[in-house]
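Colleague: Below you'll find query.txt; it's compact mmCIF, N, CA and C atoms.
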# COMPACT_ATOMS: atom_id res chain seq x y z
N MET K 167 0.85 -1.17 0.00
CA MET K 167 0.00 0.00 0.00
C MET K 167 0.89 1.24 0.00
N ALA K 168 0.53 2.22 -0.77
CA ALA K 168 1.30 3.45 -0.90
C ALA K 168 1.28 4.26 0.40
N ALA K 169 2.32 5.07 0.59
CA ALA K 169 2.48 5.82 1.85
C ALA K 169 1.27 6.69 2.17
N LEU K 170 0.79 7.44 1.21
CA LEU K 170 -0.34 8.33 1.48
C LEU K 170 -1.68 7.62 1.40
N GLU K 171 -1.70 6.49 0.71
CA GLU K 171 -2.96 5.75 0.56
C GLU K 171 -3.49 5.28 1.91
N ARG K 172 -2.57 4.98 2.84
CA ARG K 172 -2.99 4.55 4.19
C ARG K 172 -3.78 5.65 4.91
N LEU K 173 -3.59 6.90 4.50
CA LEU K 173 -4.26 8.01 5.17
C LEU K 173 -5.63 8.33 4.57
N HIS K 174 -6.03 7.59 3.52
CA HIS K 174 -7.30 7.86 2.84
C HIS K 174 -8.46 7.94 3.84
N LYS K 175 -9.20 8.99 3.75
CA LYS K 175 -10.36 9.29 4.60
C LYS K 175 -10.00 9.52 6.07
N SER K 176 -8.71 9.79 6.35
CA SER K 176 -8.36 10.13 7.73
C SER K 176 -8.78 11.57 8.00
N GLU K 177 -9.08 11.85 9.23
CA GLU K 177 -9.56 13.18 9.59
C GLU K 177 -8.60 13.86 10.55
N THR K 178 -8.48 15.17 10.39
CA THR K 178 -7.73 16.00 11.33
C THR K 178 -8.61 17.19 11.69
N ILE K 179 -8.31 17.75 12.83
CA ILE K 179 -9.04 18.94 13.27
C ILE K 179 -8.10 20.12 13.19
N GLY K 180 -8.49 21.13 12.43
CA GLY K 180 -7.66 22.30 12.23
C GLY K 180 -7.68 23.23 13.43
N ASP K 181 -6.84 24.27 13.36
CA ASP K 181 -6.79 25.25 14.43
C ASP K 181 -8.12 25.97 14.59
N ASP K 182 -8.92 25.94 13.53
CA ASP K 182 -10.24 26.58 13.58
C ASP K 182 -11.32 25.62 14.09
N ASN K 183 -10.89 24.45 14.60
CA ASN K 183 -11.77 23.40 15.12
C ASN K 183 -12.68 22.77 14.07
N LYS K 184 -12.34 22.93 12.79
CA LYS K 184 -13.09 22.28 11.73
C LYS K 184 -12.41 20.95 11.38
N THR K 185 -13.23 19.95 11.12
CA THR K 185 -12.70 18.64 10.75
C THR K 185 -12.44 18.63 9.24
N ARG K 186 -11.26 18.12 8.89
CA ARG K 186 -10.89 17.99 7.48
C ARG K 186 -10.58 16.53 7.20
N THR K 187 -11.01 16.08 6.03
CA THR K 187 -10.80 14.69 5.63
C THR K 187 -9.83 14.66 4.45
N TYR K 188 -8.83 13.78 4.54
CA TYR K 188 -7.87 13.61 3.45
C TYR K 188 -8.36 12.51 2.52
N TYR K 189 -8.33 12.79 1.23
CA TYR K 189 -8.70 11.81 0.22
C TYR K 189 -7.47 11.50 -0.63
N TYR K 190 -7.10 10.26 -0.67
CA TYR K 190 -5.91 9.82 -1.40
C TYR K 190 -6.02 10.14 -2.88
N ASN K 191 -4.90 10.59 -3.46
CA ASN K 191 -4.81 10.86 -4.88
C ASN K 191 -3.47 10.33 -5.37
N SER K 192 -3.49 9.36 -6.26
CA SER K 192 -2.24 8.73 -6.72
C SER K 192 -1.34 9.72 -7.46
N ASN K 193 -1.91 10.70 -8.16
CA ASN K 193 -1.10 11.70 -8.85
C ASN K 193 -0.33 12.57 -7.86
N THR K 194 -0.97 12.92 -6.76
CA THR K 194 -0.30 13.72 -5.73
C THR K 194 0.83 12.92 -5.10
N GLU K 195 0.59 11.65 -4.83
CA GLU K 195 1.64 10.83 -4.24
C GLU K 195 2.81 10.70 -5.21
N LEU K 196 2.54 10.48 -6.47
CA LEU K 196 3.60 10.36 -7.47
C LEU K 196 4.41 11.66 -7.53
N GLU K 197 3.73 12.79 -7.52
CA GLU K 197 4.40 14.10 -7.53
C GLU K 197 5.35 14.24 -6.34
N LEU K 198 4.87 13.92 -5.16
CA LEU K 198 5.69 14.06 -3.95
C LEU K 198 6.86 13.07 -3.95
N MET K 199 6.62 11.84 -4.38
CA MET K 199 7.69 10.84 -4.39
C MET K 199 8.77 11.20 -5.42
N GLU K 200 8.36 11.79 -6.55
CA GLU K 200 9.35 12.23 -7.55
C GLU K 200 10.20 13.36 -7.01
N LYS K 201 9.59 14.27 -6.27
CA LYS K 201 10.33 15.40 -5.68
C LYS K 201 11.30 14.87 -4.61
N ILE K 202 10.85 13.95 -3.78
CA ILE K 202 11.72 13.36 -2.75
C ILE K 202 12.87 12.62 -3.43
N ASP K 203 12.57 11.87 -4.48
CA ASP K 203 13.62 11.14 -5.20
C ASP K 203 14.67 12.11 -5.76
N ALA K 204 14.22 13.23 -6.32
CA ALA K 204 15.16 14.23 -6.86
C ALA K 204 16.04 14.80 -5.75
N LEU K 205 15.47 15.03 -4.58
CA LEU K 205 16.26 15.53 -3.46
C LEU K 205 17.24 14.48 -2.97
N LEU K 206 16.81 13.23 -2.90
CA LEU K 206 17.69 12.16 -2.45
C LEU K 206 18.86 11.95 -3.41
N LYS K 207 18.62 12.12 -4.69
CA LYS K 207 19.68 11.94 -5.68
C LYS K 207 20.79 12.99 -5.55
N LEU K 208 20.49 14.10 -4.87
CA LEU K 208 21.52 15.12 -4.63
C LEU K 208 22.56 14.64 -3.63
N ARG K 209 22.21 13.62 -2.84
CA ARG K 209 23.12 13.03 -1.85
C ARG K 209 23.72 14.10 -0.93
N LEU K 210 22.87 14.88 -0.33
CA LEU K 210 23.30 15.99 0.52
C LEU K 210 23.62 15.50 1.93
N ALA K 211 24.82 15.79 2.39
CA ALA K 211 25.22 15.42 3.74
C ALA K 211 24.60 16.38 4.74
N ASN K 212 24.27 15.88 5.91
CA ASN K 212 23.74 16.68 7.02
C ASN K 212 22.43 17.37 6.69
N VAL K 213 21.64 16.75 5.83
CA VAL K 213 20.34 17.28 5.43
C VAL K 213 19.30 16.19 5.63
N GLU K 214 18.15 16.58 6.19
CA GLU K 214 17.06 15.63 6.40
C GLU K 214 15.87 16.03 5.55
N ILE K 215 15.19 15.04 5.01
CA ILE K 215 14.02 15.26 4.15
C ILE K 215 12.84 14.58 4.82
N ASP K 216 11.81 15.36 5.12
CA ASP K 216 10.63 14.82 5.78
C ASP K 216 9.38 15.09 4.95
N LEU K 217 8.55 14.08 4.82
CA LEU K 217 7.23 14.24 4.24
C LEU K 217 6.27 14.38 5.41
N ILE K 218 5.65 15.54 5.52
CA ILE K 218 4.68 15.79 6.60
C ILE K 218 3.39 16.21 5.92
N GLY K 219 2.39 15.35 6.00
CA GLY K 219 1.16 15.62 5.27
C GLY K 219 1.47 15.68 3.79
N LEU K 220 1.11 16.78 3.15
CA LEU K 220 1.37 16.96 1.72
C LEU K 220 2.50 17.96 1.47
N TYR K 221 3.35 18.13 2.47
CA TYR K 221 4.51 19.02 2.37
C TYR K 221 5.79 18.20 2.52
N ILE K 222 6.82 18.63 1.80
CA ILE K 222 8.16 18.09 1.99
C ILE K 222 8.97 19.18 2.67
N TRP K 223 9.64 18.84 3.77
CA TRP K 223 10.46 19.80 4.52
C TRP K 223 11.91 19.33 4.46
N VAL K 224 12.81 20.25 4.15
CA VAL K 224 14.23 19.94 4.07
C VAL K 224 14.93 20.74 5.16
N THR K 225 15.51 20.04 6.12
CA THR K 225 16.13 20.68 7.28
C THR K 225 17.58 20.24 7.41
N GLY K 226 18.25 20.82 8.37
CA GLY K 226 19.65 20.48 8.63
C GLY K 226 20.57 21.58 8.14
N ASP K 227 21.76 21.20 7.72
CA ASP K 227 22.77 22.15 7.27
C ASP K 227 22.54 22.45 5.78
N THR K 228 21.52 23.25 5.50
CA THR K 228 21.12 23.50 4.11
C THR K 228 21.79 24.71 3.47
N ARG K 229 22.38 25.58 4.26
CA ARG K 229 22.98 26.79 3.70
C ARG K 229 24.03 26.49 2.62
N PRO K 230 24.98 25.58 2.87
CA PRO K 230 26.01 25.32 1.85
C PRO K 230 25.46 24.67 0.57
N VAL K 231 24.26 24.09 0.65
CA VAL K 231 23.71 23.36 -0.51
C VAL K 231 22.41 23.97 -1.02
N LYS K 232 22.17 25.23 -0.66
CA LYS K 232 20.90 25.86 -1.02
C LYS K 232 20.67 25.88 -2.53
N ASP K 233 21.72 26.12 -3.32
CA ASP K 233 21.54 26.16 -4.77
C ASP K 233 21.17 24.80 -5.32
N GLN K 234 21.70 23.74 -4.74
CA GLN K 234 21.33 22.39 -5.17
C GLN K 234 19.87 22.11 -4.82
N ILE K 235 19.46 22.52 -3.64
CA ILE K 235 18.06 22.31 -3.23
C ILE K 235 17.14 23.08 -4.16
N LYS K 236 17.48 24.34 -4.45
CA LYS K 236 16.65 25.16 -5.34
C LYS K 236 16.59 24.57 -6.75
N SER K 237 17.65 23.86 -7.16
CA SER K 237 17.70 23.29 -8.52
C SER K 237 16.63 22.22 -8.73
N VAL K 238 16.10 21.67 -7.65
CA VAL K 238 15.06 20.64 -7.74
C VAL K 238 13.77 21.26 -8.29
N GLY K 239 13.58 22.54 -8.09
CA GLY K 239 12.42 23.24 -8.62
C GLY K 239 11.27 23.35 -7.63
N ASP K 240 10.67 24.50 -7.60
CA ASP K 240 9.49 24.79 -6.77
C ASP K 240 9.73 24.66 -5.28
N MET K 241 10.98 24.70 -4.86
CA MET K 241 11.29 24.67 -3.43
C MET K 241 11.22 26.10 -2.89
N GLY K 242 10.61 26.26 -1.74
CA GLY K 242 10.50 27.57 -1.11
C GLY K 242 11.24 27.59 0.21
N TRP K 243 11.56 28.77 0.68
CA TRP K 243 12.23 28.95 1.96
C TRP K 243 11.20 29.42 2.97
N ASN K 244 11.11 28.74 4.09
CA ASN K 244 10.22 29.15 5.17
C ASN K 244 11.08 29.82 6.23
N SER K 245 11.04 31.14 6.26
CA SER K 245 11.93 31.88 7.16
C SER K 245 11.57 31.68 8.63
N LYS K 246 10.32 31.44 8.93
CA LYS K 246 9.92 31.26 10.32
C LYS K 246 10.44 29.93 10.89
N ARG K 247 10.46 28.90 10.06
CA ARG K 247 10.94 27.59 10.52
C ARG K 247 12.40 27.36 10.12
N GLY K 248 12.94 28.24 9.29
CA GLY K 248 14.36 28.14 8.91
C GLY K 248 14.70 26.91 8.09
N CYS K 249 13.80 26.55 7.15
CA CYS K 249 14.07 25.38 6.33
C CYS K 249 13.37 25.52 4.98
N TRP K 250 13.73 24.63 4.08
CA TRP K 250 13.13 24.59 2.74
C TRP K 250 11.88 23.74 2.77
N PHE K 251 10.95 24.03 1.85
CA PHE K 251 9.73 23.22 1.78
C PHE K 251 9.24 23.14 0.35
N TYR K 252 8.42 22.15 0.12
CA TYR K 252 7.69 21.99 -1.13
C TYR K 252 6.29 21.57 -0.74
N LYS K 253 5.29 22.19 -1.35
CA LYS K 253 3.92 21.75 -1.08
C LYS K 253 3.32 21.20 -2.36
N ALA K 254 2.53 20.15 -2.20
CA ALA K 254 1.92 19.48 -3.34
C ALA K 254 1.12 20.48 -4.17
N LYS K 255 1.12 20.28 -5.47
CA LYS K 255 0.42 21.19 -6.38
C LYS K 255 -1.08 21.29 -6.09
N CYS K 256 -1.65 20.26 -5.50
CA CYS K 256 -3.08 20.31 -5.17
C CYS K 256 -3.37 21.37 -4.11
N LEU K 257 -2.31 21.86 -3.44
CA LEU K 257 -2.46 22.90 -2.43
C LEU K 257 -2.10 24.29 -2.97
N ALA K 258 -1.99 24.42 -4.29
CA ALA K 258 -1.52 25.67 -4.90
C ALA K 258 -2.32 26.89 -4.45
N ASN K 259 -3.62 26.76 -4.31
CA ASN K 259 -4.45 27.90 -3.92
C ASN K 259 -4.63 28.03 -2.41
N TYR K 260 -4.04 27.11 -1.68
CA TYR K 260 -4.15 27.11 -0.22
C TYR K 260 -3.08 28.03 0.36
N LYS K 261 -3.48 29.03 1.08
CA LYS K 261 -2.56 29.99 1.70
C LYS K 261 -2.62 29.82 3.22
N PRO K 262 -1.77 28.92 3.75
CA PRO K 262 -1.83 28.70 5.19
C PRO K 262 -1.27 29.89 5.95
N ARG K 263 -1.79 30.10 7.11
CA ARG K 263 -1.21 31.13 7.97
C ARG K 263 -0.22 30.43 8.89
N TYR K 264 0.79 31.14 9.27
CA TYR K 264 1.80 30.54 10.15
C TYR K 264 1.17 30.27 11.51
N SER K 265 1.18 29.02 11.90
CA SER K 265 0.50 28.61 13.13
C SER K 265 1.42 28.68 14.34
N GLY K 266 2.72 28.82 14.10
CA GLY K 266 3.66 28.79 15.21
C GLY K 266 4.00 27.39 15.65
N LYS K 267 3.40 26.39 15.00
CA LYS K 267 3.67 25.00 15.36
C LYS K 267 5.01 24.56 14.81
N SER K 268 5.69 23.74 15.57
CA SER K 268 6.97 23.19 15.12
C SER K 268 6.71 22.10 14.09
N LEU K 269 7.76 21.69 13.40
CA LEU K 269 7.62 20.58 12.46
C LEU K 269 7.22 19.31 13.19
N ASN K 270 7.68 19.13 14.42
CA ASN K 270 7.27 17.96 15.21
C ASN K 270 5.78 17.98 15.49
N ASP K 271 5.25 19.17 15.82
CA ASP K 271 3.81 19.30 16.04
C ASP K 271 3.02 18.96 14.77
N LEU K 272 3.51 19.48 13.63
CA LEU K 272 2.84 19.19 12.36
C LEU K 272 2.91 17.70 12.03
N ALA K 273 4.06 17.09 12.30
CA ALA K 273 4.23 15.66 12.04
C ALA K 273 3.26 14.84 12.89
N ASN K 274 3.09 15.23 14.14
CA ASN K 274 2.15 14.52 15.01
C ASN K 274 0.72 14.67 14.52
N LYS K 275 0.40 15.83 13.96
CA LYS K 275 -0.96 16.09 13.52
C LYS K 275 -1.27 15.44 12.18
N TYR K 276 -0.33 15.54 11.21
CA TYR K 276 -0.61 15.09 9.85
C TYR K 276 0.09 13.79 9.46
N GLY K 277 0.96 13.31 10.29
CA GLY K 277 1.73 12.11 9.95
C GLY K 277 2.99 12.49 9.19
N SER K 278 4.02 11.67 9.32
CA SER K 278 5.28 12.01 8.67
C SER K 278 6.10 10.78 8.35
N ARG K 279 7.07 11.00 7.49
CA ARG K 279 8.06 9.97 7.17
C ARG K 279 9.36 10.68 6.82
N ARG K 280 10.46 10.20 7.37
CA ARG K 280 11.78 10.79 7.10
C ARG K 280 12.49 9.97 6.04
N TYR K 281 13.12 10.68 5.12
CA TYR K 281 13.92 10.05 4.07
C TYR K 281 15.34 10.54 4.23
N ASN K 282 16.29 9.62 4.33
CA ASN K 282 17.69 9.98 4.49
C ASN K 282 18.44 9.66 3.23
N ALA K 283 19.17 10.65 2.74
CA ALA K 283 19.96 10.45 1.54
C ALA K 283 21.27 9.76 1.91
N PRO K 284 21.72 8.84 1.07
CA PRO K 284 23.04 8.28 1.31
C PRO K 284 24.07 9.38 1.07
N THR K 285 25.02 9.51 1.95
CA THR K 285 26.00 10.58 1.81
C THR K 285 27.06 10.18 0.79
N GLN K 286 27.62 11.18 0.16
CA GLN K 286 28.67 10.92 -0.81
C GLN K 286 29.92 10.46 -0.09
N GLU K 287 30.54 9.46 -0.62
CA GLU K 287 31.79 8.99 -0.03
C GLU K 287 32.92 9.86 -0.57
N LYS K 288 33.82 10.24 0.33
CA LYS K 288 34.97 11.04 -0.07
C LYS K 288 36.08 10.12 -0.52
N LEU K 289 36.67 10.46 -1.63
CA LEU K 289 37.80 9.67 -2.14
C LEU K 289 39.08 10.10 -1.45
N SER K 290 39.91 9.15 -1.09
CA SER K 290 41.17 9.47 -0.42
C SER K 290 42.24 9.78 -1.43
Turn this file's structure into structure tokens for me.
Modeller:
Amino acid sequence: MAALERLHKSETIGDDNKTRTYYYNSNTELELMEKIDALLKLRLANVEIDLIGLYIWVTGDTRPVKDQIKSVGDMGWNSKRGCWFYKAKCLANYKPRYSGKSLNDLANKYGSRRYNAPTQEKLS
């Protein structure tokens, strides 16, 4: 079963106390997995890639590799959380307000998975 498919029809309660239901979409999952794959292929050391809900968050020592991260396309910088992000295209018209929640809080609310890139081996 696909990673996001397990969440089909799962419900979360927003900060506005409204219940929201997630409906699985294979195109959205393919989009997110392709973006994660592109980030993993960069083999960035000291960088973590997390899928939280329908967002990809790139954290860690990203300053030295910011141009590589940006080369993946459609990556944005979240100045409040100090990390890079990508949101699924299905959320293009969604303008979230900054909730002040940490990435851990968001992961607990929406579910998450961490992807670790294999680091490049240095030649002696």
Colleague: From a DSSP calculation on the backbone, collect every residue of segment 168-214 of chain K in strand (DSSP E) and output the set as a ChimeraX atom specification.
Modeller: /K:177-179,185-187,213-214
Colleague: Kindly give the distance, in Å, that separates atom CA of Thr228 of chain K and atom CA of Asn259 of chain K, rounded to a single decimal.
Modeller: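 Pair atom CA of Thr228 of chain K / atom CA of Asn259 of chain K returns 27.2 Å.
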Colleague: Report the distance between atom C of Lys175 of chain K and atom N of Tyr190 of chain K in Å, rounded to one decimal place.
Modeller: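 Those two atoms sit 7.4 Å apart.
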Colleague: Mind pulling up the distance from atom CA of Lys232 of chain K to atom CA of Glu200 of chain K?
Modeller: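 So the two atoms, atom CA of Glu200 of chain K and atom CA of Lys232 of chain K, lie 19.0 Å apart.
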Colleague: Could you pull the residues within 6 Å of Lys253 of chain K, counting only N, CA and C atoms, minus those fewer than 5 positions along the same chain, as an MDAnalysis selection string?
Modeller: chainID K and resid 220:222
Colleague: Here's a test: counting only C-alpha atoms, identify every protein, DNA and RNA residue with an atom at most 7 Å from (13.1, 18.7, 3.7) in the file's coordinate frame, and state them as a list in words.
Modeller: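 Returned residue set, sorted by chain then number, is Glu214, Ile215, Asp216, Ile222, Trp223, Val224, Thr225, Trp250 and Phe251 of chain K.
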Colleague: I need the residue nearest Leu272 of chain K from this list: K:Ile218, K:Cys249, K:Ala258, K:Val238. Use only N, CA and C atoms for the distance.
Modeller: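 That would be K:Ile218, the residue with the smallest distance to Leu272 of chain K.
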Colleague: For the structure I just gave you, how does DSSP split segment 181-261 of chain K - specifically, which residues are helix (DSSP H, G or I)? Reply as a PyMOL selection string.
Modeller: chain K and resi 192-207+229-237+255-257
Colleague: Restricting the calculation to all atoms listed in the file, which member of K:Leu217, K:Glu177, K:Arg280, K:Arg247 is positioned closest to Lys267 of chain K?
Modeller: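 Once distances to Lys267 of chain K are computed over all atoms listed in the file, the minimum belongs to K:Arg247.
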Colleague: Can you tell me, as a PyMOL selection string, what residues are no more than 8 Å from Leu205 of chain K when counting only N, CA and C atoms, ignoring any on the same chain fewer than 3 positions away?
Modeller: chain K and resi 199-202+208-210+215+234-235+238+282-283
